[in-house]
Amino acid sequence: MNRRELLTSAAAALAAGRSWPTHLAGRIAAHWPVARPVPSAAQLAWQRDELAVFVHFGINTFTDREWGDGTESPRIFNPERLDAGQWVRAARAGGFRTMILTAKHHDGFCLWPTETTEHSVKSSPWREGKGDVVREMVDACRAAGMGVGLYLSPWDRHEPSYGDSPAYNDLYARQLTELLTRYGPLVEVWFDGANGEGPNGKRQEYDWPRIHRTVRQLQPEALMFSDAGPDIRWIGNERGIAGDPNWCTVDPAEVPYPGMSGDHITRALQHGDPQGSVWRPGEADVSIRPGWFWHPAQDSEVRSPDNLVELYFGSVGRNAGMLLNVPPTTSGLFHERDVGALAGLGEQLRGIFATNLAATARTRASAHNDRANGADRVIDGDPDTHWATGPVTSTQRPWLELAWPRPIAFDTICIQEAIAHGQHIAAHSLEIWHEGSWAPLLRGTTIGYKRLHRVPAAQTTRIRLTLDSALDAPRISNFALYDGRRR
Ligand code: FUL
């Protein structure tokens, strides 16, 4: 069937009030491919922010537990030296741009003076029951130009109405509304999929459509995170490492609601889906310590700056966001070891990426007639410009070369797609000029917002990037080289 016949048959079906047979819909889609998904302005800004700090703080901090059961007395919450400004300064030193606080964890204790329950800071001795941790954190973030995110656990082990679905859904919507209306603009709202209720526990049917509607209405710019998005997806593990490949696109039917488990769910979250119909980038959450909450016994197990740099390469360097948890102690401050590790991370990242060696290179690329978007766009330092490579086909593999008059030494490579136009590259490779010919350096898969490669230190006068496979004509916004050893 050609295009005309397809259209005639579809029009006849519509006129007769019939729906289109699925095989026809499939053929029509093949003739008129739907545009590939692109990020919203907020999703693009989120991805460019790269680093967010997670703050797990609450009643568990005082019981030395990871999951409270909801029977804890609010009287034990008393972080006498709480200073959210200290959290923000430490996060800033690490290069973090957003902070996400657990306003309520699974134990149900609320860190703000909610009107929905007495199980909150209001019933604690802290600031004589007049304190508001969310407010203090928000104020500290705003003063430093840092984005704010809030975590509100759907699972609530304290709330008596939990399990009585409509009543709890109302209460949850009220809590969410308080958080969305009292504290100004939020960058991210974090919905945890965890639910440990056993077979005899209370079963609560969450009203996800209502939850999503509430956020969209009250904070249209805020991005919602959960296993099932809708705006940012969980990366599928708590080790801080994204999949390889990693697509920002997903098939929403694969993970329809948060809290599902199974190998295929993990795969879908880790890798995304090259043919996915929605843009839903991955966020890799990981803690700076073994636990999410502070435990004095883990003070000696704080990750080192080297390890945090590894995580940066494994998350941001694989096209995901990095969400690093740093839990305040019972005093209400980040522990000095955590502060030191954050400062070390910031120092190392600034050192590695201090000098882009590509800035002094000459560029040359495979022939393509889009002169406004030529190869030199990849070294102009502007994330909004790109080299339009032309199509990748079985006979045409676009390439781009950087060349220097004298050898340069490098060990870190950064490649970025202009994702404002979608993510399309499925495979790429790099070669370096070695003793008069091209020698393979590495083969990689997806690129997306950012792809980082670390290689053994090498010297060369030329490096070539080849795009081996893509789902649509790629656009490269940045191709950069660094010598991380110079730091
Ligand atoms: C999990 C929770 O159960 C942990 O306590 C923690 O909050 C982590 C970020 O998500 O699902």
# chains A, B, ... in the order shown; residues from 1 in each chain; ligands from 1

call {"tool": "closest_atom_pairs", "arguments": {"of": "chain A", "to": "ligand 1", "cutoff": "10 Å", "atoms": "only C-alpha atoms and all ligand atoms", "output": "CSV"}}
result
residue,atom,partner,partner_atom_place_in_ligand_line,distance
A:Phe54,CA,ligand 1,9 (C),8.3
A:Val55,CA,ligand 1,7 (O),9.5
A:His56,CA,ligand 1,7 (O),7.1
A:Phe57,CA,ligand 1,7 (O),9.9
A:Asn60,CA,ligand 1,5 (O),9.8
A:Arg65,CA,ligand 1,5 (O),9.7
A:Glu66,CA,ligand 1,5 (O),6.1
A:Trp67,CA,ligand 1,5 (O),6.2
A:Gly68,CA,ligand 1,5 (O),9.4
A:Thr102,CA,ligand 1,7 (O),7.7
A:Lys104,CA,ligand 1,7 (O),9.7
A:His105,CA,ligand 1,7 (O),6.8
A:His106,CA,ligand 1,3 (O),7.4
A:Asp107,CA,ligand 1,5 (O),9.9
A:Tyr151,CA,ligand 1,7 (O),8.6
A:Leu152,CA,ligand 1,7 (O),9.7
A:Ser153,CA,ligand 1,7 (O),8.1
A:Trp155,CA,ligand 1,3 (O),9.2
A:Trp190,CA,ligand 1,9 (C),9.2
A:Phe191,CA,ligand 1,10 (O),9.0
A:Asp192,CA,ligand 1,11 (O),5.4
A:Gly193,CA,ligand 1,11 (O),5.8
A:Ala194,CA,ligand 1,11 (O),4.2
A:Asn195,CA,ligand 1,3 (O),7.3
A:Gly196,CA,ligand 1,3 (O),8.2
A:Ser226,CA,ligand 1,11 (O),9.9
A:Asp227,CA,ligand 1,11 (O),9.9
A:Trp234,CA,ligand 1,10 (O),10.0
A:Asn237,CA,ligand 1,10 (O),9.8
A:Glu238,CA,ligand 1,9 (C),7.6
A:Gly259,CA,ligand 1,11 (O),8.4
A:Asp285,CA,ligand 1,9 (C),6.7
A:Val286,CA,ligand 1,9 (C),7.5
A:Ser287,CA,ligand 1,9 (C),8.2
A:Gly291,CA,ligand 1,5 (O),8.3
A:Trp292,CA,ligand 1,6 (C),5.9
A:Phe293,CA,ligand 1,5 (O),7.9
A:Leu323,CA,ligand 1,9 (C),9.4
A:Leu324,CA,ligand 1,9 (C),9.7
A:Asn325,CA,ligand 1,9 (C),8.1

call {"tool": "residues_around", "arguments": {"residues": "stretch 304-309 of chain A", "least_positions_apart": "4", "cutoff": "6 Å", "atoms": "only C-alpha atoms", "output": "PDB file with all heavy atoms, in the first residue's frame"}}
result
ATOM      1  N   ALA A 341      34.886  15.674  52.301  1.00  0.00           N
ATOM      2  CA  ALA A 341      34.755  14.900  51.061  1.00  0.00           C
ATOM      3  C   ALA A 341      34.101  15.743  49.962  1.00  0.00           C
ATOM      4  O   ALA A 341      34.505  15.681  48.796  1.00  0.00           O
ATOM      5  CB  ALA A 341      33.943  13.635  51.314  1.00  0.00           C
ATOM      6  N   GLY A 344      36.628  18.126  48.677  1.00  0.00           N
ATOM      7  CA  GLY A 344      37.594  17.384  47.855  1.00  0.00           C
ATOM      8  C   GLY A 344      37.026  17.093  46.472  1.00  0.00           C
ATOM      9  O   GLY A 344      37.725  17.208  45.457  1.00  0.00           O
ATOM     10  N   LEU A 345      35.752  16.739  46.415  1.00  0.00           N
ATOM     11  CA  LEU A 345      35.121  16.469  45.116  1.00  0.00           C
ATOM     12  C   LEU A 345      35.147  17.729  44.255  1.00  0.00           C
ATOM     13  O   LEU A 345      35.560  17.683  43.083  1.00  0.00           O
ATOM     14  CB  LEU A 345      33.670  16.008  45.323  1.00  0.00           C
ATOM     15  CG  LEU A 345      32.812  15.951  44.051  1.00  0.00           C
ATOM     16  CD1 LEU A 345      33.301  14.852  43.111  1.00  0.00           C
ATOM     17  CD2 LEU A 345      31.331  15.743  44.389  1.00  0.00           C
TER      18      LEU A 345
END

call {"tool": "residues_around", "arguments": {"residues": "stretch 69-76 of chain A", "least_positions_apart": "6", "cutoff": "9 Å", "atoms": "only C-alpha atoms", "output": "mmCIF file with C-alpha atoms, in the first residue's frame"}}
result
data_model
loop_
_atom_site.group_PDB
_atom_site.id
_atom_site.type_symbol
_atom_site.label_atom_id
_atom_site.label_comp_id
_atom_site.auth_asym_id
_atom_site.auth_seq_id
_atom_site.Cartn_x
_atom_site.Cartn_y
_atom_site.Cartn_z
ATOM 1 C CA ILE A 59 13.526 11.106 63.353
ATOM 2 C CA ASN A 60 15.817 8.309 62.100
ATOM 3 C CA PHE A 62 17.953 10.352 66.433
ATOM 4 C CA THR A 63 17.181 6.623 66.578
ATOM 5 C CA HIS A 106 8.571 6.593 55.737
ATOM 6 C CA ASP A 107 8.181 7.074 59.537
ATOM 7 C CA GLY A 108 5.745 9.936 58.899
ATOM 8 C CA PHE A 109 7.540 12.605 60.986
ATOM 9 C CA GLU A 118 0.734 16.444 65.219
ATOM 10 C CA HIS A 119 3.581 14.128 64.251
ATOM 11 C CA SER A 120 5.928 16.941 63.298
ATOM 12 C CA VAL A 121 8.525 19.452 64.466
ATOM 13 C CA LYS A 122 5.647 21.239 66.256
ATOM 14 C CA SER A 123 5.617 18.442 68.855
ATOM 15 C CA SER A 124 9.378 18.457 69.333
ATOM 16 C CA PRO A 125 11.496 20.448 71.773
ATOM 17 C CA TRP A 126 13.522 21.889 68.873
ATOM 18 C CA ASP A 156 3.724 6.598 55.890
ATOM 19 C CA ARG A 157 4.065 4.210 58.830
ATOM 20 C CA HIS A 158 2.726 6.620 61.423
ATOM 21 C CA GLU A 159 -0.437 8.019 59.877
#

call {"tool": "closest_atom_pairs", "arguments": {"of": "stretch 269-359 of chain A", "to": "stretch 464-481 of chain A", "cutoff": "8 Å", "atoms": "only C-alpha atoms", "output": "JSON lines"}}
result
{"residue": "A:Pro274", "atom": "CA", "partner": "A:Leu471", "partner_atom": "CA", "distance": 7.9}
{"residue": "A:Asn356", "atom": "CA", "partner": "A:Leu481", "partner_atom": "CA", "distance": 5.6}
{"residue": "A:Leu357", "atom": "CA", "partner": "A:Leu481", "partner_atom": "CA", "distance": 5.3}
{"residue": "A:Ala358", "atom": "CA", "partner": "A:Ala480", "partner_atom": "CA", "distance": 5.3}
{"residue": "A:Ala359", "atom": "CA", "partner": "A:Ala480", "partner_atom": "CA", "distance": 7.7}

call {"tool": "residues_around", "arguments": {"residues": "A:Ala372", "least_positions_apart": "5", "cutoff": "10 Å", "atoms": "only C-alpha atoms", "output": "list in words"}}
result
Arg377, Thr385, His386, Trp387 and Ala388 of chain A

call {"tool": "write_last_selection", "arguments": {"atoms": "C-alpha atoms", "output": "mmCIF file, in the first residue's frame"}}
result
data_model
loop_
_atom_site.group_PDB
_atom_site.id
_atom_site.type_symbol
_atom_site.label_atom_id
_atom_site.label_comp_id
_atom_site.auth_asym_id
_atom_site.auth_seq_id
_atom_site.Cartn_x
_atom_site.Cartn_y
_atom_site.Cartn_z
ATOM 1 C CA ARG A 377 30.853 24.915 16.970
ATOM 2 C CA THR A 385 25.439 25.831 19.349
ATOM 3 C CA HIS A 386 26.270 22.568 17.596
ATOM 4 C CA TRP A 387 27.913 20.848 14.688
ATOM 5 C CA ALA A 388 25.148 19.398 12.487
#

call {"tool": "closest_residue", "arguments": {"among": "A:Gly131, A:Pro154, A:Pro405, A:Pro79", "to": "A:Thr61", "atoms": "only C-alpha atoms"}}
result
A:Pro79

call {"tool": "atom_distance", "arguments": {"atom1": "atom CA of A:Met224", "atom2": "atom CA of A:Pro383"}}
result
24.7 Å

call {"tool": "closest_residue", "arguments": {"among": "A:Leu223, A:Leu441, A:Leu101, A:Cys248", "to": "A:Glu417", "atoms": "only C-alpha atoms"}}
result
A:Cys248

call {"tool": "atom_distance", "arguments": {"atom1": "atom CA of A:Ala173", "atom2": "atom CA of A:Gly229"}}
result
17.9 Å

call {"tool": "residues_around", "arguments": {"residues": "A:Asn319", "least_positions_apart": "3", "cutoff": "7 Å", "atoms": "only C-alpha atoms", "output": "ChimeraX atom specification"}}
result
/A:246,315-316,447-451

call {"tool": "residues_around", "arguments": {"residues": "A:Pro230", "least_positions_apart": "6", "cutoff": "10 Å", "atoms": "only C-alpha atoms", "output": "ChimeraX atom specification"}}
result
/A:212,223-224,252,256-257,278-281

call {"tool": "write_last_selection", "arguments": {"atoms": "all heavy atoms", "output": "CSV table (one decimal), in the first residue's frame"}}
result
chain,number,residue,atom,x,y,z
A,212,HIS,N,0.1,13.9,40.5
A,212,HIS,CA,0.8,14.6,39.4
A,212,HIS,C,0.0,15.9,39.1
A,212,HIS,O,0.6,17.0,38.8
A,212,HIS,CB,0.8,13.7,38.2
A,212,HIS,CG,1.7,12.6,38.3
A,212,HIS,ND1,1.7,11.5,37.4
A,212,HIS,CD2,2.5,12.2,39.3
A,212,HIS,CE1,2.6,10.6,37.9
A,212,HIS,NE2,3.1,11.0,39.0
A,223,LEU,N,9.9,19.6,38.5
A,223,LEU,CA,10.0,18.3,37.9
A,223,LEU,C,9.7,17.2,38.9
A,223,LEU,O,10.2,17.3,40.0
A,223,LEU,CB,11.4,18.1,37.3
A,223,LEU,CG,11.8,19.1,36.2
A,223,LEU,CD1,13.3,19.0,35.8
A,223,LEU,CD2,10.9,19.0,35.0
A,224,MET,N,8.9,16.2,38.5
A,224,MET,CA,8.6,15.1,39.4
A,224,MET,C,9.5,13.9,39.1
A,224,MET,O,9.6,13.5,37.9
A,224,MET,CB,7.1,14.7,39.2
A,224,MET,CG,6.2,15.8,39.7
A,224,MET,SD,4.5,15.2,39.4
A,224,MET,CE,4.0,16.2,38.0
A,252,PRO,N,6.9,4.7,28.4
A,252,PRO,CA,6.2,4.9,29.7
A,252,PRO,C,5.5,3.6,30.1
A,252,PRO,O,5.2,3.4,31.3
A,252,PRO,CB,5.3,6.0,29.4
A,252,PRO,CG,5.2,6.2,28.0
A,252,PRO,CD,6.4,5.6,27.3
A,256,PRO,N,5.0,1.7,34.6
A,256,PRO,CA,3.8,2.6,34.7
A,256,PRO,C,3.7,3.2,36.0
A,256,PRO,O,3.0,4.3,36.1
A,256,PRO,CB,2.7,1.6,34.4
A,256,PRO,CG,3.2,0.2,34.5
A,256,PRO,CD,4.7,0.3,34.4
A,257,TYR,N,4.1,2.6,37.1
A,257,TYR,CA,4.0,3.3,38.4
A,257,TYR,C,5.2,3.0,39.3
A,257,TYR,O,5.9,2.0,39.1
A,257,TYR,CB,2.7,2.9,39.1
A,257,TYR,CG,2.4,1.5,39.3
A,257,TYR,CD1,2.9,0.8,40.4
A,257,TYR,CD2,1.7,0.8,38.3
A,257,TYR,CE1,2.7,-0.6,40.5
A,257,TYR,CE2,1.5,-0.6,38.4
A,257,TYR,CZ,2.0,-1.3,39.5
A,257,TYR,OH,1.8,-2.6,39.6
A,278,VAL,N,8.7,9.2,25.4
A,278,VAL,CA,8.7,10.3,26.2
A,278,VAL,C,10.2,10.6,26.7
A,278,VAL,O,11.0,9.7,26.8
A,278,VAL,CB,7.8,10.2,27.5
A,278,VAL,CG1,6.4,10.0,27.1
A,278,VAL,CG2,8.3,9.1,28.4
A,279,TRP,N,10.4,11.9,27.0
A,279,TRP,CA,11.8,12.3,27.5
A,279,TRP,C,11.7,12.2,29.0
A,279,TRP,O,10.9,12.9,29.7
A,279,TRP,CB,12.0,13.8,27.1
A,279,TRP,CG,13.4,14.2,27.4
A,279,TRP,CD1,13.8,14.8,28.5
A,279,TRP,CD2,14.5,14.1,26.5
A,279,TRP,NE1,15.2,15.1,28.4
A,279,TRP,CE2,15.6,14.6,27.2
A,279,TRP,CE3,14.8,13.6,25.3
A,279,TRP,CZ2,16.9,14.7,26.7
A,279,TRP,CZ3,16.0,13.6,24.7
A,279,TRP,CH2,17.1,14.2,25.4
A,280,ARG,N,12.5,11.3,29.6
A,280,ARG,CA,12.5,11.1,31.0
A,280,ARG,C,14.0,10.7,31.5
A,280,ARG,O,14.3,9.6,31.7
A,280,ARG,CB,11.5,10.0,31.4
A,280,ARG,CG,11.2,9.9,32.8
A,280,ARG,CD,10.1,8.9,33.0
A,280,ARG,NE,8.8,9.3,32.6
A,280,ARG,CZ,7.7,8.5,32.4
A,280,ARG,NH1,7.8,7.2,32.8
A,280,ARG,NH2,6.6,9.0,32.0
A,281,PRO,N,14.8,11.7,31.6
A,281,PRO,CA,16.2,11.4,31.9
A,281,PRO,C,16.4,10.7,33.3
A,281,PRO,O,15.5,10.9,34.2
A,281,PRO,CB,16.9,12.8,31.9
A,281,PRO,CG,15.8,13.8,32.2
A,281,PRO,CD,14.6,13.2,31.6

call {"tool": "select_by_dssp", "arguments": {"residues": "stretch 182-390 of chain A", "states": "helix (DSSP H, G or I)", "output": "PyMOL selection string"}}
result
chain A and resi 182+208-218+263-271+296-301+305-315+336-352+357-360+371-373+375-379

call {"tool": "atom_distance", "arguments": {"atom1": "atom CA of A:Arg443", "atom2": "atom CA of A:Thr412"}}
result
14.4 Å

call {"tool": "closest_residue", "arguments": {"among": "A:Gln86, A:Asn169, A:Ser394, A:Thr117", "to": "A:Cys141", "atoms": "only C-alpha atoms"}}
result
A:Gln86
